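Working notes, structure below.
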Amino acid sequence: MYGFKEQDQSLFPPLFLPDTRFLCLIHRSLYPLVGLLVVAMSTVACTNSALPSVPGPILIKTNQAVAVVTTNPFRLQVGTSLRSLALSEVSNTSPPPTKLPPTIDPVPPGVPAQKSDQLYAPLSFLVGHETLTLNHSQVWEGNLQQGERYGIYYSARKVIASHKVSDGVSLTVSTDDPSGRTLKVVIEPVEGNLIHVSVTPHPAAGVVMMSDSFMSSPNEDFYGFGGRHNALNQHGNVLVNWVSEENVPGLGQPGTPSGILYPNGPTAAYYPQAQFISSAGYGFLLAQPQLSWFRLDSDLPNAWSVAASSSSLNYYVAPGNPRQAIAAITSLSGRQPVPPAWGLGPMFDREVKNFGETVSGYDSEMEQDIANIERYHLPLTAYRIEGFGFKNPNDDGFILPTRDTFPVQSQVVAELQALHIHPLAYIRPWLAPGSTACEEGLCVHTTAGKIYTTTGTLGQKIALLDFTNPAALRWWSSELDKIFNLGFDGFEQDFGEEVALGMHFYNGQTGASMHNEYPILYMKATRDAIDAYQSSHPTRHLWFDNRAGFSGTPGSARYEAANFPGDEATNWGQASGLASLTEDMLSRAIGGAYGYGTDIGGYSDYTTPPTTKQLFLRWAEWATLSPVFRLHGSAHYGLHTPWSYDNQTVAVYAELSALHEAAVPLILKLWQQADQTGIPPTRPLWLEFPGDPQAAAQTQEWTLGNDVLVAPVVIDGATSRSIYFPTGCWQDPQTGLVEQGPGNATVSAPLTSLPFFFRCGTHPFPVTGMKTSS
């Protein structure tokens with residue numbers, strides 16, 4: 001459904017003034033643009049809290065952004081100036097109320113419908129009914145399973161009242177709802193190049209969904225959206241913003257040789273971000289945690305929409321080129337803080353197999369690991385004990401995969417410290433429902449006030465710690481202190497995706513708003529605890545990584561140190577295997593999540609075969625010039641170590657580890673810059689080479705800063721690959737090969753080689769045997 005003319009893509013004429021009753025909020029810097037008559041009128045309008053109700057346009061301006069509101073009919077446009085309006089709501093043709101029949105979306109087992117009956121009109125809303133059903137089957141606990149809604153769509157008509165609020169404006173907008181419902185629309189400039197828009201219906205009762213719709217063009221690119229695997233440019237796709245876990249390939253109906261992600265489809269993500277960057281010259285951030293959708297020219301060829309299962313809508317627009325938009329959006333949503341240098345070095349995880357792992361076997365494996373690390377002189381800065389346990393036999397009420405004995409754990413920690421390797425632990429917010437913490441009211445509860453019990457991935461009965469409860473925050477901080485006092489310098493912080501709709505929290509909210517918010521509060525609690533501990537222990541420099549995350553103001557990126565992408569499949573596939581990593585890393589990187597640390601070799605191997613030597617080495621090569629180089633094992637077959645293959649694998653892996661170590665100073669420098677600018681260390685080619693359509697098409701290449709081009713092999717059996725070289729001269733520091741861009745070239749890439757190139761004349765980091773161009 002749409003309420004605008006598909007052929008109408010015109011913007012509001014930048015200097016069109018309907019009459020002398022020009023309604024404004026104009027800074028004096030705009031006066032030369034609009035003339036003396038308007039200055040006189042604007043002086044009155046802009047100094048009174050009540051603005052005359054007239055059909056003229058309203059302007060709201062910052063130094064770098066302007067919003068234009070056409071008042072009758074209502075329509076919003078945003079740009080960097082009156083001459084450059086980049087984002088425009090669809091034209092308002094005053095469509096009649098539109099009935100939505102009972103509609104299923106997402107469709108079981110949880111895949112978003114690719115076509116919708118969304119009303120495309122400025123500020124539309126659905127009055128009716130919505131029912132969401134979540135999955136309650138262990139590994140998919142908390143994932144969307146189905147949504148059903150029906151009702152009548154209404155939309156905005158005209159501004160009927162307005163008054164100034166701070167540097168912005170509050171508008172009362174009429175609608176076609178026969179009940180007389182109006183919309184309160186507040187538009188405010190934010191420091192820099194941001195425009196904030198919030199919309200609330202009055203009354204709100206009965207409104208189950210709010211949406212807004214914008215014009216686009218067939219060649220508009222949409223980048224970002226967090227840890228999605230399916231594409232860099234999401235034009236034409238439907239994206240659901242809902243934290244989801246354990247989407248795996250190989251189940252359900254296969255759509256490609258490696259299958260599709262089950263149960264929530266190809267765009268499902270542990271780490272969705274409701275924010276993006278458009279090639280049309282703006283960034284967009286939906287700043288609310290409820291279930292939401294982006295339909296990016298998927299219904300219509302020239303319009304996209306944002307919708308939220310909420311009775312309000314809250315978003316920010318950042319007009320400007322991609323770098324300006326990224327800087328503005330991430331200044332709100334957050335940028336991962338600069339980690340300690342050791343947190344970027346090679347890491348080794350002694351993971352716990354989901355089935356069959358014994359305590360004696362795990363203790364033995366840790367001792368063997370240390371012996372082999374010393375034997376093969378493996379470069380290493382951190383070693384994680386996934387089988388970690390607290391001194392208390394019941395793990396202080398946590399449900400953890402503890403597989404070591406405490407004396408052996410203490411011995412291993414001491415041995416690691418002697419080798420100058422940082423010990424890491426493992427933690428998650430799962431508590432035993434009968435634990436002391438839960439009995440003291442620190443866990444999420446039901447409507448009746450009882451402990452809400454749900455199911456862990458292996459069928460365990462679990463409760464979730466309530467991070468909205470101040471007492472729970474104090475308890476969590478004290479538990480993390482215990483980990484640090486045991487000699488651990490950090491941990492993997494797992495899970496956080498299991499919040500159900502019926503859960504009730506200390507702050508009065510339910511799972512409908514807390515499902516996506518929970519990972520943010522989870523990360524904030526940990527960051528606050530780490531900051532407090534480091535303040536009282538200034539010689540300790542701590543680190544953690546996590547899986548689940550979401551956007552916000554701020555989102556979880558503000559608090560994290562790094563991310564692991566979440567249970568990648570042990571195959572080459574685009575769905576969740578090796579070929580999925582580049583798009584995942586680059587999509588979340590422009591959203592402020594810089595510290596991408598893949599599970600080298602993959603993790604999920606229930607629907608895929610064990611990791612082969614070839615896959616292991618290609619995966620390690622891929623990770624070498626990414627921010628975090630981290631070896632992890634698989635769920636079923638266990639840890640795939642270099643020495644579990646052969647001596648060649650050990651030698652190549654050691655060389656790759658050393659190469660990563662050599663790049664750490666550059667990665668750290670780029671991260672420090674990113675902390676100030678928002679421009680990530682790992683960059684998609686569309687960002688680094690604007691205006692180059694071939695660069696924009698590359699989904700398996702990236703740059704590390706300005707001067708390193710990385711192009712790993714992600715195809716089974718390949719011994720060469722085609723590389724697109726952007727404008728400039730590029731040299732392979734390993735062979736001396738020089739390529740001149742722009743253009744494509746096929747480059748030799750034997751199993752033991754990672755294709756990467758330096759910009760000619762630069763030496764970003766040392767490479768053994770590096771040659772220079774003439």
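By order in the structure tokens, chains are A, B, ...; within a chain, residues start at 1; ligands start at 1, following the order shown.
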
> Neighbours of stretch 705-717 of chain A within 6 Å (only C-alpha atoms; same-chain residues fewer than 6 positions away dropped), as number ranges by chain?
Replying inline: A: 579, 622, 681, 754-759

For the selection just defined, write its residues with all heavy atoms to a file, as a PDB file, in the first residue's frame.
ATOM      1  N   ALA A 579      32.792 -17.333   4.164  1.00  0.00           N
ATOM      2  CA  ALA A 579      32.429 -16.268   3.232  1.00  0.00           C
ATOM      3  C   ALA A 579      31.490 -15.236   3.842  1.00  0.00           C
ATOM      4  O   ALA A 579      31.241 -14.185   3.246  1.00  0.00           O
ATOM      5  CB  ALA A 579      31.804 -16.855   1.974  1.00  0.00           C
ATOM      6  N   TRP A 622      42.262 -15.197   6.869  1.00  0.00           N
ATOM      7  CA  TRP A 622      41.235 -14.144   6.889  1.00  0.00           C
ATOM      8  C   TRP A 622      41.382 -13.283   8.147  1.00  0.00           C
ATOM      9  O   TRP A 622      41.273 -12.050   8.092  1.00  0.00           O
ATOM     10  CB  TRP A 622      39.831 -14.771   6.841  1.00  0.00           C
ATOM     11  CG  TRP A 622      38.752 -13.730   6.701  1.00  0.00           C
ATOM     12  CD1 TRP A 622      38.145 -13.345   5.545  1.00  0.00           C
ATOM     13  CD2 TRP A 622      38.197 -12.929   7.740  1.00  0.00           C
ATOM     14  NE1 TRP A 622      37.247 -12.341   5.802  1.00  0.00           N
ATOM     15  CE2 TRP A 622      37.263 -12.067   7.142  1.00  0.00           C
ATOM     16  CE3 TRP A 622      38.397 -12.840   9.113  1.00  0.00           C
ATOM     17  CZ2 TRP A 622      36.518 -11.121   7.867  1.00  0.00           C
ATOM     18  CZ3 TRP A 622      37.672 -11.898   9.847  1.00  0.00           C
ATOM     19  CH2 TRP A 622      36.740 -11.067   9.238  1.00  0.00           C
ATOM     20  N   PRO A 681      38.848   0.995  11.803  1.00  0.00           N
ATOM     21  CA  PRO A 681      40.133   0.492  11.299  1.00  0.00           C
ATOM     22  C   PRO A 681      39.964  -0.333  10.027  1.00  0.00           C
ATOM     23  O   PRO A 681      40.729  -0.191   9.078  1.00  0.00           O
ATOM     24  CB  PRO A 681      40.666  -0.357  12.457  1.00  0.00           C
ATOM     25  CG  PRO A 681      39.978   0.182  13.678  1.00  0.00           C
ATOM     26  CD  PRO A 681      38.617   0.590  13.207  1.00  0.00           C
ATOM     27  N   LEU A 754      48.329 -15.306   2.242  1.00  0.00           N
ATOM     28  CA  LEU A 754      47.243 -14.333   2.366  1.00  0.00           C
ATOM     29  C   LEU A 754      47.507 -13.183   1.394  1.00  0.00           C
ATOM     30  O   LEU A 754      48.517 -12.485   1.526  1.00  0.00           O
ATOM     31  CB  LEU A 754      47.174 -13.779   3.784  1.00  0.00           C
ATOM     32  CG  LEU A 754      46.339 -12.498   3.975  1.00  0.00           C
ATOM     33  CD1 LEU A 754      44.863 -12.778   3.707  1.00  0.00           C
ATOM     34  CD2 LEU A 754      46.532 -11.918   5.375  1.00  0.00           C
ATOM     35  N   PRO A 755      46.654 -12.959   0.427  1.00  0.00           N
ATOM     36  CA  PRO A 755      46.849 -11.816  -0.471  1.00  0.00           C
ATOM     37  C   PRO A 755      46.558 -10.488   0.251  1.00  0.00           C
ATOM     38  O   PRO A 755      45.440 -10.263   0.721  1.00  0.00           O
ATOM     39  CB  PRO A 755      45.837 -12.056  -1.595  1.00  0.00           C
ATOM     40  CG  PRO A 755      45.481 -13.507  -1.504  1.00  0.00           C
ATOM     41  CD  PRO A 755      45.560 -13.827  -0.051  1.00  0.00           C
ATOM     42  N   PHE A 756      47.568  -9.643   0.358  1.00  0.00           N
ATOM     43  CA  PHE A 756      47.369  -8.277   0.840  1.00  0.00           C
ATOM     44  C   PHE A 756      48.421  -7.387   0.212  1.00  0.00           C
ATOM     45  O   PHE A 756      49.496  -7.840  -0.184  1.00  0.00           O
ATOM     46  CB  PHE A 756      47.396  -8.196   2.370  1.00  0.00           C
ATOM     47  CG  PHE A 756      48.746  -8.430   3.004  1.00  0.00           C
ATOM     48  CD1 PHE A 756      49.541  -7.361   3.418  1.00  0.00           C
ATOM     49  CD2 PHE A 756      49.221  -9.716   3.222  1.00  0.00           C
ATOM     50  CE1 PHE A 756      50.775  -7.574   4.015  1.00  0.00           C
ATOM     51  CE2 PHE A 756      50.452  -9.942   3.820  1.00  0.00           C
ATOM     52  CZ  PHE A 756      51.236  -8.866   4.219  1.00  0.00           C
ATOM     53  N   PHE A 757      48.103  -6.092   0.118  1.00  0.00           N
ATOM     54  CA  PHE A 757      48.943  -5.152  -0.613  1.00  0.00           C
ATOM     55  C   PHE A 757      49.062  -3.847   0.173  1.00  0.00           C
ATOM     56  O   PHE A 757      48.110  -3.423   0.850  1.00  0.00           O
ATOM     57  CB  PHE A 757      48.344  -4.865  -1.993  1.00  0.00           C
ATOM     58  CG  PHE A 757      48.396  -6.045  -2.926  1.00  0.00           C
ATOM     59  CD1 PHE A 757      47.482  -7.085  -2.803  1.00  0.00           C
ATOM     60  CD2 PHE A 757      49.360  -6.123  -3.911  1.00  0.00           C
ATOM     61  CE1 PHE A 757      47.528  -8.184  -3.646  1.00  0.00           C
ATOM     62  CE2 PHE A 757      49.413  -7.221  -4.759  1.00  0.00           C
ATOM     63  CZ  PHE A 757      48.501  -8.253  -4.635  1.00  0.00           C
ATOM     64  N   PHE A 758      50.233  -3.240   0.063  1.00  0.00           N
ATOM     65  CA  PHE A 758      50.461  -1.907   0.607  1.00  0.00           C
ATOM     66  C   PHE A 758      50.355  -0.886  -0.527  1.00  0.00           C
ATOM     67  O   PHE A 758      50.730  -1.180  -1.676  1.00  0.00           O
ATOM     68  CB  PHE A 758      51.847  -1.788   1.230  1.00  0.00           C
ATOM     69  CG  PHE A 758      52.048  -2.567   2.496  1.00  0.00           C
ATOM     70  CD1 PHE A 758      53.320  -2.705   3.049  1.00  0.00           C
ATOM     71  CD2 PHE A 758      50.986  -3.158   3.175  1.00  0.00           C
ATOM     72  CE1 PHE A 758      53.533  -3.415   4.208  1.00  0.00           C
ATOM     73  CE2 PHE A 758      51.179  -3.880   4.347  1.00  0.00           C
ATOM     74  CZ  PHE A 758      52.462  -4.004   4.863  1.00  0.00           C
ATOM     75  N   ARG A 759      49.870   0.287  -0.191  1.00  0.00           N
ATOM     76  CA  ARG A 759      49.950   1.377  -1.146  1.00  0.00           C
ATOM     77  C   ARG A 759      51.429   1.649  -1.430  1.00  0.00           C
ATOM     78  O   ARG A 759      52.236   1.730  -0.487  1.00  0.00           O
ATOM     79  CB  ARG A 759      49.269   2.619  -0.590  1.00  0.00           C
ATOM     80  CG  ARG A 759      49.009   3.710  -1.634  1.00  0.00           C
ATOM     81  CD  ARG A 759      48.350   4.922  -0.992  1.00  0.00           C
ATOM     82  NE  ARG A 759      47.030   4.625  -0.473  1.00  0.00           N
ATOM     83  CZ  ARG A 759      45.909   4.661  -1.195  1.00  0.00           C
ATOM     84  NH1 ARG A 759      45.977   4.952  -2.489  1.00  0.00           N
ATOM     85  NH2 ARG A 759      44.738   4.406  -0.643  1.00  0.00           N
TER      86      ARG A 759
END

Using only C-alpha atoms, determine which residues lie at most 7 Å from A:Ala635, disregarding the query and same-chain residues fewer than 3 positions distant; provide the list as a PDB file with C-alpha atoms, in the first residue's frame.
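Result file is result-v6.pdb:
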ATOM      1  CA  LYS A 353      32.656 -29.292  23.769  1.00  0.00           C
ATOM      2  CA  ASN A 354      28.901 -29.275  24.244  1.00  0.00           C
ATOM      3  CA  TYR A 603      32.307 -23.184  15.762  1.00  0.00           C
ATOM      4  CA  SER A 604      28.941 -24.674  14.798  1.00  0.00           C
ATOM      5  CA  ASP A 605      29.512 -28.142  13.348  1.00  0.00           C
ATOM      6  CA  GLY A 638      36.237 -29.806  19.792  1.00  0.00           C
TER       7      GLY A 638
END

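Distances to A:Ala697 were evaluated for A:Pro337, A:Ala532, A:Pro684, A:Asp567 using only C-alpha atoms, and the minimum falls at A:Pro684.
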
>> Excluding stretch 309-325 of chain A and its own-chain neighbours fewer than 4 positions away, which residues fall within 7 Å of it when counting only C-alpha atoms? Please give them as a VMD selection string.
In response: chain A and resid 65 78 to 80 86 193 to 201 204 207 to 210 277 281 to 288 290 to 292 329 679 687

> What are the DSSP strand (DSSP E) residues of stretch 659-739 of chain A, as number ranges by chain?
Replying inline: A: 682-683, 702-704, 708-710, 720-731, 738-739

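We find atom CA of A:Ala663 and atom CA of A:Trp342 to be spaced 12.4 Å apart.
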
>> Show me, as an MDAnalysis selection string, the residues that have an atom within 7 Å of stretch 90-97 of chain A when counting only C-alpha atoms, minus same-chain residues fewer than 2 positions from it.
In response: chainID A and resid 3:4 73:75 88 99 121:122 152:154 157 176 213:215

Next, dump the selected residues to file, keeping only N, CA, C and O atoms, as a tab-separated table (two decimals), in the first residue's frame.
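Contents of the output file part.tsv:
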chain	number	residue	atom	x	y	z
A	3	GLY	N	0.69	5.74	-0.22
A	3	GLY	CA	-0.13	6.94	-0.23
A	3	GLY	C	0.58	8.09	-0.89
A	3	GLY	O	0.44	9.22	-0.46
A	4	PHE	N	1.36	7.82	-1.93
A	4	PHE	CA	2.05	8.88	-2.65
A	4	PHE	C	2.17	8.48	-4.10
A	4	PHE	O	2.00	7.31	-4.46
A	73	PRO	N	0.11	19.79	2.97
A	73	PRO	CA	0.11	18.68	3.93
A	73	PRO	C	1.49	18.50	4.56
A	73	PRO	O	2.49	18.97	4.03
A	74	PHE	N	1.50	17.77	5.69
A	74	PHE	CA	2.75	17.57	6.42
A	74	PHE	C	3.75	16.77	5.59
A	74	PHE	O	3.41	15.75	4.99
A	75	ARG	N	5.00	17.25	5.61
A	75	ARG	CA	6.09	16.52	4.98
A	75	ARG	C	7.42	17.03	5.52
A	75	ARG	O	7.62	18.24	5.67
A	88	SER	N	13.92	12.84	2.11
A	88	SER	CA	12.59	13.41	2.04
A	88	SER	C	11.55	12.34	2.28
A	88	SER	O	11.61	11.25	1.69
A	99	LYS	N	-7.31	-0.38	5.42
A	99	LYS	CA	-7.50	-1.56	6.25
A	99	LYS	C	-6.37	-2.56	6.03
A	99	LYS	O	-6.00	-2.86	4.90
A	121	ALA	N	3.31	6.50	3.62
A	121	ALA	CA	2.84	7.88	3.78
A	121	ALA	C	3.60	8.49	4.94
A	121	ALA	O	4.09	7.76	5.81
A	122	PRO	N	3.74	9.80	4.99
A	122	PRO	CA	4.42	10.41	6.13
A	122	PRO	C	3.73	10.06	7.45
A	122	PRO	O	2.51	10.23	7.61
A	152	ILE	N	-6.27	-0.77	11.11
A	152	ILE	CA	-6.42	0.26	10.08
A	152	ILE	C	-5.22	1.22	10.17
A	152	ILE	O	-4.84	1.67	11.26
A	153	TYR	N	-4.64	1.49	9.01
A	153	TYR	CA	-3.55	2.46	8.92
A	153	TYR	C	-4.13	3.87	8.75
A	153	TYR	O	-5.02	4.09	7.93
A	154	TYR	N	-3.57	4.79	9.52
A	154	TYR	CA	-3.85	6.21	9.35
A	154	TYR	C	-2.52	6.92	9.16
A	154	TYR	O	-1.44	6.35	9.36
A	157	ARG	N	-1.69	14.50	8.40
A	157	ARG	CA	-2.36	15.40	7.48
A	157	ARG	C	-1.68	16.77	7.44
A	157	ARG	O	-0.94	17.07	6.54
A	176	ASP	N	-5.87	11.41	9.77
A	176	ASP	CA	-7.17	11.03	9.22
A	176	ASP	C	-7.90	10.04	10.11
A	176	ASP	O	-8.90	9.46	9.68
A	213	SER	N	8.01	6.86	6.05
A	213	SER	CA	8.40	6.41	4.72
A	213	SER	C	9.11	7.53	3.97
A	213	SER	O	8.73	8.70	4.07
A	214	PHE	N	10.12	7.15	3.20
A	214	PHE	CA	10.99	8.12	2.57
A	214	PHE	C	11.23	7.77	1.11
A	214	PHE	O	11.26	6.60	0.73
A	215	MET	N	11.46	8.81	0.31
A	215	MET	CA	11.78	8.61	-1.09
A	215	MET	C	13.19	8.04	-1.24
A	215	MET	O	14.06	8.29	-0.41

>> Write out as a count of residues only the set of residues from stretch 463-542 of chain A that DSSP, computed on the backbone, places in alpha helix (DSSP H).
In response: 42

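Of the listed residues (A:Phe765, A:Phe488, A:Trp671, A:Trp293), A:Trp293 comes nearest to A:Ala268; the distances count only C-alpha atoms.
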
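One finds atom CA of A:Ala548 at 19.8 Å from atom CA of A:Gly459.
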